[in-house]
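target28.tsv follows (TSV, N, CA and C atoms and all ligand atoms):
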chain	number	residue	atom	x	y	z
A	31	MET	N	86.35	81.78	85.34
A	31	MET	CA	86.92	81.00	86.46
A	31	MET	C	88.42	80.81	86.27
A	32	LEU	N	89.18	81.18	87.29
A	32	LEU	CA	90.62	80.94	87.26
A	32	LEU	C	90.93	79.75	88.17
A	33	THR	N	91.96	79.00	87.81
A	33	THR	CA	92.44	77.96	88.70
A	33	THR	C	93.92	78.21	88.93
A	34	GLY	N	94.38	77.81	90.12
A	34	GLY	CA	95.78	78.04	90.43
A	34	GLY	C	96.32	76.98	91.36
A	35	SER	N	97.64	77.03	91.55
A	35	SER	CA	98.30	76.03	92.39
A	35	SER	C	99.65	76.56	92.85
A	36	CYS	N	100.23	75.83	93.81
A	36	CYS	CA	101.54	76.19	94.37
A	36	CYS	C	102.64	75.39	93.68
A	37	PHE	N	103.87	75.61	94.09
A	37	PHE	CA	105.04	74.91	93.52
A	37	PHE	C	104.95	73.40	93.69
A	38	CYS	N	104.54	72.91	94.87
A	38	CYS	CA	104.52	71.46	95.11
A	38	CYS	C	103.24	70.81	94.62
A	39	GLY	N	102.22	71.61	94.34
A	39	GLY	CA	100.96	71.07	93.82
A	39	GLY	C	99.93	70.71	94.89
A	40	ASN	N	100.31	70.80	96.17
A	40	ASN	CA	99.33	70.47	97.23
A	40	ASN	C	98.17	71.47	97.26
A	41	VAL	N	98.51	72.76	97.12
A	41	VAL	CA	97.46	73.78	97.14
A	41	VAL	C	96.90	73.94	95.73
A	42	LYS	N	95.58	73.82	95.67
A	42	LYS	CA	94.86	74.13	94.43
A	42	LYS	C	93.69	75.03	94.81
A	43	TYR	N	93.39	76.00	93.94
A	43	TYR	CA	92.29	76.91	94.26
A	43	TYR	C	91.57	77.34	92.99
A	44	ASN	N	90.37	77.87	93.20
A	44	ASN	CA	89.57	78.47	92.13
A	44	ASN	C	89.28	79.92	92.48
A	45	VAL	N	89.13	80.72	91.46
A	45	VAL	CA	88.65	82.09	91.64
A	45	VAL	C	87.48	82.29	90.69
A	46	SER	N	86.34	82.66	91.22
A	46	SER	CA	85.16	82.92	90.40
A	46	SER	C	85.02	84.42	90.16
A	47	GLY	N	84.14	84.78	89.26
A	47	GLY	CA	83.82	86.19	89.04
A	47	GLY	C	84.90	86.96	88.31
A	48	GLU	N	84.76	88.27	88.35
A	48	GLU	CA	85.67	89.16	87.63
A	48	GLU	C	86.79	89.64	88.55
A	49	LEU	N	87.93	89.96	87.95
A	49	LEU	CA	89.02	90.58	88.71
A	49	LEU	C	88.62	92.01	89.06
A	50	ALA	N	88.93	92.44	90.27
A	50	ALA	CA	88.66	93.83	90.65
A	50	ALA	C	89.75	94.76	90.10
A	51	ASP	N	90.97	94.26	90.01
A	51	ASP	CA	92.07	95.11	89.54
A	51	ASP	C	93.29	94.24	89.25
A	52	LYS	N	94.24	94.85	88.53
A	52	LYS	CA	95.51	94.19	88.25
A	52	LYS	C	96.61	95.20	88.50
A	53	GLY	N	97.63	94.80	89.25
A	53	GLY	CA	98.69	95.75	89.52
A	53	GLY	C	100.00	95.07	89.83
A	54	ILE	N	101.09	95.76	89.56
A	54	ILE	CA	102.38	95.25	90.01
A	54	ILE	C	102.87	96.14	91.14
A	55	CYS	N	103.63	95.55	92.05
A	55	CYS	CA	104.05	96.28	93.24
A	55	CYS	C	105.55	96.12	93.47
A	56	HIS	N	106.21	97.27	93.59
A	56	HIS	CA	107.66	97.30	93.76
A	56	HIS	C	108.08	97.47	95.22
A	57	CYS	N	107.15	97.36	96.16
A	57	CYS	CA	107.50	97.66	97.56
A	57	CYS	C	108.54	96.66	98.10
A	58	LEU	N	109.16	97.04	99.21
A	58	LEU	CA	110.23	96.22	99.78
A	58	LEU	C	109.68	94.89	100.29
A	59	SER	N	108.45	94.91	100.82
A	59	SER	CA	107.84	93.66	101.30
A	59	SER	C	107.62	92.70	100.14
A	60	CYS	N	107.18	93.21	99.01
A	60	CYS	CA	106.95	92.35	97.84
A	60	CYS	C	108.24	91.76	97.30
A	61	ARG	N	109.36	92.45	97.51
A	61	ARG	CA	110.65	91.84	97.14
A	61	ARG	C	110.89	90.57	97.94
A	62	LYS	N	110.60	90.66	99.24
A	62	LYS	CA	110.83	89.50	100.10
A	62	LYS	C	109.86	88.37	99.76
A	63	ILE	N	108.59	88.74	99.53
A	63	ILE	CA	107.55	87.75	99.27
A	63	ILE	C	107.85	87.00	97.97
A	64	SER	N	108.30	87.74	96.95
A	64	SER	CA	108.53	87.13	95.64
A	64	SER	C	109.96	86.66	95.47
A	65	GLY	N	110.88	87.18	96.30
A	65	GLY	CA	112.30	86.92	96.07
A	65	GLY	C	112.78	87.57	94.79
A	66	SER	N	112.07	88.61	94.36
A	66	SER	CA	112.38	89.22	93.07
A	66	SER	C	112.09	90.72	93.09
A	67	THR	N	112.09	91.33	91.91
A	67	THR	CA	112.02	92.79	91.83
A	67	THR	C	110.65	93.36	92.16
A	68	TYR	N	109.57	92.63	91.90
A	68	TYR	CA	108.22	93.12	92.16
A	68	TYR	C	107.25	91.95	92.14
A	69	THR	N	106.04	92.19	92.63
A	69	THR	CA	104.99	91.18	92.53
A	69	THR	C	104.00	91.57	91.43
A	70	THR	N	103.41	90.57	90.81
A	70	THR	CA	102.39	90.75	89.79
A	70	THR	C	101.10	90.20	90.39
A	71	ASN	N	100.09	91.09	90.51
A	71	ASN	CA	98.95	90.79	91.38
A	71	ASN	C	97.61	90.94	90.69
A	72	PHE	N	96.67	90.07	91.09
A	72	PHE	CA	95.25	90.21	90.75
A	72	PHE	C	94.52	90.53	92.05
A	73	VAL	N	93.76	91.60	92.05
A	73	VAL	CA	92.93	91.92	93.21
A	73	VAL	C	91.55	91.31	92.98
A	74	ILE	N	91.12	90.50	93.95
A	74	ILE	CA	89.81	89.81	93.80
A	74	ILE	C	89.02	89.93	95.09
A	75	PRO	N	87.68	89.97	94.98
A	75	PRO	CA	86.87	89.93	96.20
A	75	PRO	C	87.17	88.64	96.97
A	76	GLU	N	87.31	88.78	98.27
A	76	GLU	CA	87.68	87.65	99.14
A	76	GLU	C	86.75	86.45	98.94
A	77	SER	N	85.46	86.73	98.75
A	77	SER	CA	84.46	85.66	98.65
A	77	SER	C	84.58	84.89	97.33
A	78	ASN	N	85.36	85.40	96.38
A	78	ASN	CA	85.53	84.70	95.09
A	78	ASN	C	86.64	83.66	95.12
A	79	PHE	N	87.40	83.62	96.22
A	79	PHE	CA	88.51	82.67	96.33
A	79	PHE	C	88.05	81.41	97.03
A	80	SER	N	88.28	80.24	96.41
A	80	SER	CA	87.94	78.96	97.05
A	80	SER	C	89.17	78.06	97.05
A	81	LEU	N	89.55	77.62	98.24
A	81	LEU	CA	90.65	76.65	98.35
A	81	LEU	C	90.08	75.27	98.07
A	82	ILE	N	90.68	74.55	97.11
A	82	ILE	CA	90.19	73.23	96.70
A	82	ILE	C	90.96	72.12	97.42
A	83	SER	N	92.28	72.31	97.57
A	83	SER	CA	93.07	71.30	98.29
A	83	SER	C	94.29	71.96	98.89
A	84	GLY	N	94.91	71.22	99.82
A	84	GLY	CA	96.09	71.74	100.50
A	84	GLY	C	95.72	72.61	101.68
A	85	THR	N	96.75	73.13	102.34
A	85	THR	CA	96.54	73.95	103.53
A	85	THR	C	97.34	75.23	103.39
A	86	LEU	N	96.65	76.35	103.61
A	86	LEU	CA	97.33	77.65	103.60
A	86	LEU	C	97.68	78.04	105.03
A	87	LYS	N	98.88	78.51	105.19
A	87	LYS	CA	99.35	79.01	106.47
A	87	LYS	C	99.50	80.53	106.35
A	88	GLN	N	99.37	81.23	107.48
A	88	GLN	CA	99.45	82.69	107.45
A	88	GLN	C	100.70	83.17	108.20
A	89	CYS	N	101.23	84.25	107.71
A	89	CYS	CA	102.28	84.96	108.43
A	89	CYS	C	102.01	86.45	108.28
A	90	THR	N	101.96	87.16	109.40
A	90	THR	CA	101.70	88.60	109.38
A	90	THR	C	102.94	89.35	109.86
A	91	ALA	N	103.29	90.39	109.13
A	91	ALA	CA	104.42	91.24	109.53
A	91	ALA	C	104.06	92.68	109.14
A	92	LYS	N	104.85	93.62	109.59
A	92	LYS	CA	104.61	95.03	109.28
A	92	LYS	C	105.16	95.36	107.90
A	93	HIS	N	104.29	95.96	107.10
A	93	HIS	CA	104.72	96.53	105.83
A	93	HIS	C	105.50	97.81	106.15
A	94	GLU	N	106.33	98.28	105.23
A	94	GLU	CA	107.12	99.50	105.49
A	94	GLU	C	106.26	100.74	105.69
A	95	ASN	N	104.98	100.71	105.32
A	95	ASN	CA	104.10	101.86	105.58
A	95	ASN	C	103.38	101.73	106.93
A	96	GLY	N	103.67	100.68	107.69
A	96	GLY	CA	103.11	100.53	109.02
A	96	GLY	C	101.91	99.61	109.10
A	97	MET	N	101.30	99.27	107.95
A	97	MET	CA	100.13	98.38	108.00
A	97	MET	C	100.58	96.94	108.25
A	98	ASP	N	99.62	96.12	108.69
A	98	ASP	CA	99.88	94.68	108.81
A	98	ASP	C	99.67	94.04	107.46
A	99	LEU	N	100.65	93.29	107.02
A	99	LEU	CA	100.55	92.57	105.75
A	99	LEU	C	100.60	91.08	106.08
A	100	THR	N	99.62	90.33	105.57
A	100	THR	CA	99.56	88.89	105.83
A	100	THR	C	99.75	88.14	104.53
A	101	ILE	N	100.66	87.18	104.55
A	101	ILE	CA	100.80	86.31	103.39
A	101	ILE	C	100.17	84.96	103.72
A	102	ASN	N	99.53	84.38	102.71
A	102	ASN	CA	98.88	83.07	102.82
A	102	ASN	C	99.63	82.15	101.88
A	103	PHE	N	100.31	81.16	102.46
A	103	PHE	CA	101.23	80.35	101.66
A	103	PHE	C	101.01	78.86	101.91
A	104	CYS	N	101.42	78.05	100.95
A	104	CYS	CA	101.33	76.59	101.08
A	104	CYS	C	102.19	76.16	102.26
A	105	GLN	N	101.59	75.39	103.17
A	105	GLN	CA	102.36	74.99	104.36
A	105	GLN	C	103.45	73.99	104.01
A	106	ASN	N	103.35	73.37	102.85
A	106	ASN	CA	104.36	72.39	102.46
A	106	ASN	C	105.53	73.03	101.72
A	107	CYS	N	105.27	73.83	100.69
A	107	CYS	CA	106.37	74.35	99.86
A	107	CYS	C	106.63	75.84	100.05
A	108	GLY	N	105.71	76.54	100.73
A	108	GLY	CA	105.96	77.95	101.02
A	108	GLY	C	105.56	78.93	99.93
A	109	THR	N	105.03	78.45	98.82
A	109	THR	CA	104.60	79.38	97.77
A	109	THR	C	103.52	80.32	98.31
A	110	THR	N	103.74	81.63	98.18
A	110	THR	CA	102.69	82.57	98.57
A	110	THR	C	101.61	82.60	97.50
A	111	ILE	N	100.37	82.37	97.95
A	111	ILE	CA	99.23	82.37	97.02
A	111	ILE	C	98.58	83.75	96.99
A	112	TYR	N	98.33	84.32	98.18
A	112	TYR	CA	97.76	85.67	98.20
A	112	TYR	C	98.17	86.42	99.46
A	113	LYS	N	97.94	87.74	99.37
A	113	LYS	CA	98.23	88.65	100.47
A	113	LYS	C	96.93	89.32	100.89
A	114	THR	N	96.84	89.66	102.17
A	114	THR	CA	95.78	90.54	102.65
A	114	THR	C	96.47	91.62	103.46
A	115	ALA	N	95.80	92.77	103.63
A	115	ALA	CA	96.44	93.86	104.35
A	115	ALA	C	95.40	94.67	105.11
A	116	SER	N	95.87	95.34	106.16
A	116	SER	CA	94.97	96.04	107.08
A	116	SER	C	94.56	97.44	106.60
A	117	LEU	N	95.11	97.89	105.48
A	117	LEU	CA	94.76	99.21	104.94
A	117	LEU	C	93.32	99.17	104.38
A	118	ASP	N	92.58	100.32	104.47
A	118	ASP	CA	91.19	100.39	103.99
A	118	ASP	C	91.04	99.92	102.54
A	119	MET	N	91.98	100.30	101.67
A	119	MET	CA	91.85	99.94	100.25
A	119	MET	C	91.89	98.41	100.02
A	120	PHE	N	92.31	97.66	101.02
A	120	PHE	CA	92.37	96.20	100.88
A	120	PHE	C	91.27	95.48	101.65
A	121	ALA	N	90.30	96.23	102.17
A	121	ALA	CA	89.19	95.61	102.92
A	121	ALA	C	88.37	94.73	101.99
A	122	GLY	N	88.15	93.49	102.37
A	122	GLY	CA	87.28	92.59	101.60
A	122	GLY	C	87.89	92.01	100.34
A	123	VAL	N	89.16	92.29	100.10
A	123	VAL	CA	89.80	91.73	98.91
A	123	VAL	C	91.04	90.91	99.30
A	124	VAL	N	91.39	90.01	98.42
A	124	VAL	CA	92.68	89.34	98.53
A	124	VAL	C	93.51	89.72	97.31
A	125	VAL	N	94.80	89.81	97.52
A	125	VAL	CA	95.71	90.18	96.45
A	125	VAL	C	96.46	88.92	96.05
A	126	LEU	N	96.01	88.37	94.93
A	126	LEU	CA	96.47	87.07	94.46
A	126	LEU	C	97.78	87.23	93.68
A	127	LEU	N	98.76	86.37	93.93
A	127	LEU	CA	100.00	86.39	93.16
A	127	LEU	C	99.73	85.72	91.81
A	128	ALA	N	99.76	86.53	90.76
A	128	ALA	CA	99.31	86.06	89.43
A	128	ALA	C	100.12	84.89	88.90
A	129	GLY	N	101.36	84.75	89.37
A	129	GLY	CA	102.20	83.64	88.93
A	129	GLY	C	101.74	82.28	89.42
A	130	THR	N	100.80	82.26	90.37
A	130	THR	CA	100.26	80.97	90.85
A	130	THR	C	99.04	80.53	90.05
A	131	VAL	N	98.56	81.39	89.15
A	131	VAL	CA	97.39	81.04	88.33
A	131	VAL	C	97.86	80.20	87.14
A	132	ASP	N	97.13	79.12	86.86
A	132	ASP	CA	97.50	78.18	85.80
A	132	ASP	C	96.72	78.41	84.50
A	133	GLY	N	97.11	77.66	83.48
A	133	GLY	CA	96.34	77.60	82.24
A	133	GLY	C	96.45	78.84	81.37
A	134	GLY	N	97.55	79.57	81.51
A	134	GLY	CA	97.73	80.73	80.64
A	134	GLY	C	96.88	81.92	81.01
A	135	GLN	N	96.26	81.88	82.20
A	135	GLN	CA	95.35	82.96	82.62
A	135	GLN	C	95.97	83.84	83.72
A	136	GLY	N	97.24	83.58	84.05
A	136	GLY	CA	97.88	84.31	85.15
A	136	GLY	C	98.71	85.47	84.64
A	137	VAL	N	100.03	85.37	84.79
A	137	VAL	CA	100.91	86.47	84.38
A	137	VAL	C	100.73	86.83	82.90
A	138	GLU	N	100.30	85.83	82.11
A	138	GLU	CA	100.07	86.08	80.68
A	138	GLU	C	99.01	87.16	80.46
A	139	LYS	N	98.05	87.24	81.41
A	139	LYS	CA	96.92	88.17	81.29
A	139	LYS	C	97.02	89.30	82.32
A	140	ALA	N	98.20	89.47	82.88
A	140	ALA	CA	98.31	90.34	84.05
A	140	ALA	C	98.84	91.74	83.73
A	141	LYS	N	98.79	92.16	82.47
A	141	LYS	CA	99.26	93.52	82.19
A	141	LYS	C	98.53	94.47	83.12
A	142	PRO	N	99.29	95.21	83.94
A	142	PRO	CA	98.66	95.94	85.05
A	142	PRO	C	97.94	97.22	84.64
A	143	ASN	N	96.94	97.59	85.46
A	143	ASN	CA	96.33	98.92	85.37
A	143	ASN	C	97.18	99.92	86.13
A	144	SER	N	97.83	99.44	87.16
A	144	SER	CA	98.63	100.36	87.95
A	144	SER	C	99.91	99.70	88.43
A	145	GLU	N	100.85	100.58	88.71
A	145	GLU	CA	102.17	100.18	89.18
A	145	GLU	C	102.38	100.92	90.51
A	146	LEU	N	102.58	100.15	91.57
A	146	LEU	CA	102.63	100.72	92.92
A	146	LEU	C	104.05	100.73	93.47
A	147	TRP	N	104.26	101.65	94.40
A	147	TRP	CA	105.56	101.79	95.07
A	147	TRP	C	106.71	102.01	94.07
A	148	MET	N	106.42	102.96	93.14
A	148	MET	CA	107.43	103.32	92.13
A	148	MET	C	108.73	103.80	92.75
A	149	LYS	N	108.64	104.33	93.99
A	149	LYS	CA	109.86	104.85	94.62
A	149	LYS	C	110.92	103.77	94.80
A	150	TYR	N	110.49	102.51	94.78
A	150	TYR	CA	111.45	101.42	94.93
A	150	TYR	C	111.68	100.63	93.64
A	151	ARG	N	111.11	101.11	92.54
A	151	ARG	CA	111.36	100.39	91.29
A	151	ARG	C	112.84	100.44	90.96
A	152	VAL	N	113.42	99.29	90.64
A	152	VAL	CA	114.85	99.26	90.33
A	152	VAL	C	115.10	100.00	89.01
A	153	ASP	N	116.25	100.69	88.93
A	153	ASP	CA	116.42	101.61	87.81
A	153	ASP	C	116.73	100.94	86.47
A	154	TRP	N	117.00	99.62	86.47
A	154	TRP	CA	117.23	98.94	85.19
A	154	TRP	C	115.93	98.45	84.56
A	155	LEU	N	114.83	98.61	85.28
A	155	LEU	CA	113.54	98.12	84.79
A	155	LEU	C	112.79	99.28	84.15
A	156	PRO	N	112.45	99.16	82.84
A	156	PRO	CA	111.79	100.29	82.19
A	156	PRO	C	110.36	100.50	82.69
A	157	SER	N	109.90	101.73	82.57
A	157	SER	CA	108.55	102.10	82.94
A	157	SER	C	107.55	101.52	81.94
A	158	LEU	N	106.35	101.16	82.38
A	158	LEU	CA	105.34	100.56	81.51
A	158	LEU	C	104.48	101.65	80.88
A	159	GLU	N	104.21	101.52	79.58
A	159	GLU	CA	103.37	102.46	78.84
A	159	GLU	C	101.91	102.33	79.27
A	160	GLY	N	101.24	103.45	79.45
A	160	GLY	CA	99.81	103.45	79.69
A	160	GLY	C	99.36	102.86	81.00
A	161	VAL	N	100.26	102.86	81.97
A	161	VAL	CA	99.96	102.29	83.28
A	161	VAL	C	100.03	103.42	84.32
A	162	THR	N	99.03	103.52	85.16
A	162	THR	CA	99.03	104.56	86.19
A	162	THR	C	100.05	104.21	87.26
A	163	GLN	N	100.89	105.19	87.57
A	163	GLN	CA	101.97	104.91	88.51
A	163	GLN	C	101.80	105.68	89.80
A	164	PHE	N	102.05	105.02	90.89
A	164	PHE	CA	101.94	105.63	92.23
A	164	PHE	C	103.26	105.43	92.96
A	165	ASN	N	103.68	106.48	93.64
A	165	ASN	CA	104.93	106.41	94.40
A	165	ASN	C	104.84	105.40	95.53
A	166	GLU	N	103.65	105.38	96.19
A	166	GLU	CA	103.40	104.38	97.23
A	166	GLU	C	102.07	103.70	96.86
A	167	PHE	N	101.13	103.58	97.81
A	167	PHE	CA	99.80	103.14	97.43
A	167	PHE	C	99.00	104.34	96.96
A	168	PRO	N	97.95	104.14	96.14
A	168	PRO	CA	97.11	105.27	95.71
A	168	PRO	C	96.48	105.95	96.91
A	169	GLY	N	96.20	107.25	96.76
A	169	GLY	CA	95.47	107.99	97.80
A	169	GLY	C	96.33	108.46	98.94
A	201	ZN	ZN	102.92	73.72	97.89
A	202	ZN	ZN	104.04	95.36	97.53

Any chance you could give the structure as structure tokens?
Amino acid sequence: MLTGSCFCGNVKYNVSGELADKGICHCLSCRKISGSTYTTNFVIPESNFSLISGTLKQCTAKHENGMDLTINFCQNCGTTIYKTASLDMFAGVVVLLAGTVDGGQGVEKAKPNSELWMKYRVDWLPSLEGVTQFNEFPG
């Protein structure tokens, strides 16, 4: 069981079960969402996410590959908790921002299986050993 929260503490959530995947994403949308070079993500089945407190608000915009990308964020402080997307590979899953997970179980345990949107990885950031890399999304 993972627990997580937002910057202001209003949003609290639990995640049950196993992670489906772990990945970092260098896409241009993830720069905006994180305000940084990439996002660090846990992919989880949608039904494993439970909101305990607070209110999540949604915003949908076009990803640079044309799909609809929706962010779910704390309505009070704006911290993005998870993303969903209209692409087939994201059906039934939520892509959780690992930095919102508490108790040393988030980014600390987020060494990725894959690195996505390598075409936008900034050149000062070294490549990760033993991680499958994709220029865009897999497939
Ligand atoms: Zn908040
Ligand atoms: Zn991304």

Q.
At a cut-off of 5 Å, using only N, CA and C atoms, what residues contact range 110-117 of chain A? Leave out same-chain residues fewer than 5 positions from it and give the result as an NGL selection string.
A. :A and (98-103 or 124-127)

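Minimum atom-to-atom distances from A:Lys42, A:Thr67, A:Gln105, A:Lys149 to Ser80 in chain A were compared using only N, CA and C atoms, and the lowest value belongs to A:Lys42.
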
Q. With all atoms listed in the file as the atoms that count, which of A:Ile54, A:Cys60, A:Leu49, A:Cys38 lies nearest to Glu145 in chain A?
A.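 Among the listed residues, the smallest separation from Glu145 in chain A belongs to A:Ile54.
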
At a cut-off of 8 Å around ligand ZN 201 (chain A), and using all atoms listed in the file, what residues come up? Please write them as a compact mmCIF listing (two decimals) with N, CA and C atoms, keeping the file's coordinate frame.
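Okay, out_21.txt is ready:
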# COMPACT_ATOMS: atom_id res chain seq x y z
N SER A 35 97.64 77.03 91.55
CA SER A 35 98.30 76.03 92.39
C SER A 35 99.65 76.56 92.85
N CYS A 36 100.23 75.83 93.81
CA CYS A 36 101.54 76.19 94.37
C CYS A 36 102.64 75.39 93.68
N PHE A 37 103.87 75.61 94.09
CA PHE A 37 105.04 74.91 93.52
C PHE A 37 104.95 73.40 93.69
N CYS A 38 104.54 72.91 94.87
CA CYS A 38 104.52 71.46 95.11
C CYS A 38 103.24 70.81 94.62
N GLY A 39 102.22 71.61 94.34
CA GLY A 39 100.96 71.07 93.82
C GLY A 39 99.93 70.71 94.89
N ASN A 40 100.31 70.80 96.17
CA ASN A 40 99.33 70.47 97.23
C ASN A 40 98.17 71.47 97.26
N VAL A 41 98.51 72.76 97.12
CA VAL A 41 97.46 73.78 97.14
C VAL A 41 96.90 73.94 95.73
N LYS A 42 95.58 73.82 95.67
CA LYS A 42 94.86 74.13 94.43
C LYS A 42 93.69 75.03 94.81
N GLY A 84 94.91 71.22 99.82
CA GLY A 84 96.09 71.74 100.50
C GLY A 84 95.72 72.61 101.68
N THR A 85 96.75 73.13 102.34
CA THR A 85 96.54 73.95 103.53
C THR A 85 97.34 75.23 103.39
N PHE A 103 100.31 81.16 102.46
CA PHE A 103 101.23 80.35 101.66
C PHE A 103 101.01 78.86 101.91
N CYS A 104 101.42 78.05 100.95
CA CYS A 104 101.33 76.59 101.08
C CYS A 104 102.19 76.16 102.26
N GLN A 105 101.59 75.39 103.17
CA GLN A 105 102.36 74.99 104.36
C GLN A 105 103.45 73.99 104.01
N ASN A 106 103.35 73.37 102.85
CA ASN A 106 104.36 72.39 102.46
C ASN A 106 105.53 73.03 101.72
N CYS A 107 105.27 73.83 100.69
CA CYS A 107 106.37 74.35 99.86
C CYS A 107 106.63 75.84 100.05
N GLY A 108 105.71 76.54 100.73
CA GLY A 108 105.96 77.95 101.02
C GLY A 108 105.56 78.93 99.93
N THR A 109 105.03 78.45 98.82
CA THR A 109 104.60 79.38 97.77
C THR A 109 103.52 80.32 98.31
N THR A 110 103.74 81.63 98.18
CA THR A 110 102.69 82.57 98.57
C THR A 110 101.61 82.60 97.50

Considering only C-alpha atoms and all ligand atoms, tabulate each residue of chain A that lies at most 6 Å from ligand ZN 202 (chain A) along with its nearest interatomic pair and the corresponding distance in Å to one decimal; arrange the rows by chain and ascending residue number and present them as a Markdown table.
| residue | atom | partner | partner_atom | distance |
| --- | --- | --- | --- | --- |
| A:Cys55 | CA | A:ZN202 | ZN | 4.4 |
| A:His56 | CA | A:ZN202 | ZN | 5.6 |
| A:Cys57 | CA | A:ZN202 | ZN | 4.2 |
| A:Ser59 | CA | A:ZN202 | ZN | 5.6 |
| A:Cys60 | CA | A:ZN202 | ZN | 4.2 |

Q: Write out as a PyMOL selection string each polymer residue whose atoms come within 6.5 Å of Asp132 in chain A, counting only N, CA and C atoms; drop sequence neighbours fewer than 6 positions from it.
A: chain A and resi 32-35

Q) Between A:Thr69, A:Ser83, A:Asn78, A:Ser157, which one has atoms that come closest to Gly129 in chain A, using only C-alpha atoms? A)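 Closest residue, counting only C-alpha atoms: A:Thr69.
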
Q: Quick one: pick out all alpha helix (DSSP H) residues within chain A from a backbone DSSP run and write them as a VMD selection string.
A: chain A and resid 58 to 64

(Q) One decimal, in Å: what's the spacing between CA of Val73 in chain A and CA of Lys52 in chain A? (A)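 Pair CA of Val73 in chain A / CA of Lys52 in chain A returns 6.0 Å.
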
(Q) I need the strand (DSSP E or B) residues of range 109-141 of chain A per DSSP on the backbone, written as a ChimeraX atom specification. (A) /A:110-115,123-127,131

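Closest approach to Phe72 in chain A among A:Leu86, A:Ala140, A:Met97, A:Ala121: A:Ala140, based on only N, CA and C atoms.
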
**Q.** Residue nearest Glu76 in chain A among A:Ile63, A:Leu158, A:Ala50, A:Val123 (counting only N, CA and C atoms)
**A.**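 Selected residue with least distance to Glu76 in chain A: A:Val123.
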
Q. Which value, in Å to one decimal, gives the distance between CA of Val161 in chain A and CA of Gln135 in chain A?
A.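 So the two atoms, CA of Val161 in chain A and CA of Gln135 in chain A, lie 19.9 Å apart.
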
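Pairwise distance (atom C of Ala91 in chain A, atom N of Gly47 in chain A) equals 29.2 Å.
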
Q) Of the candidates A:Asn44, A:Asn71, A:Met119, A:Arg61, which one gets nearest to Lys139 in chain A if we count only C-alpha atoms? A)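 Answer, going by the shortest atom-to-atom distance: A:Asn71.
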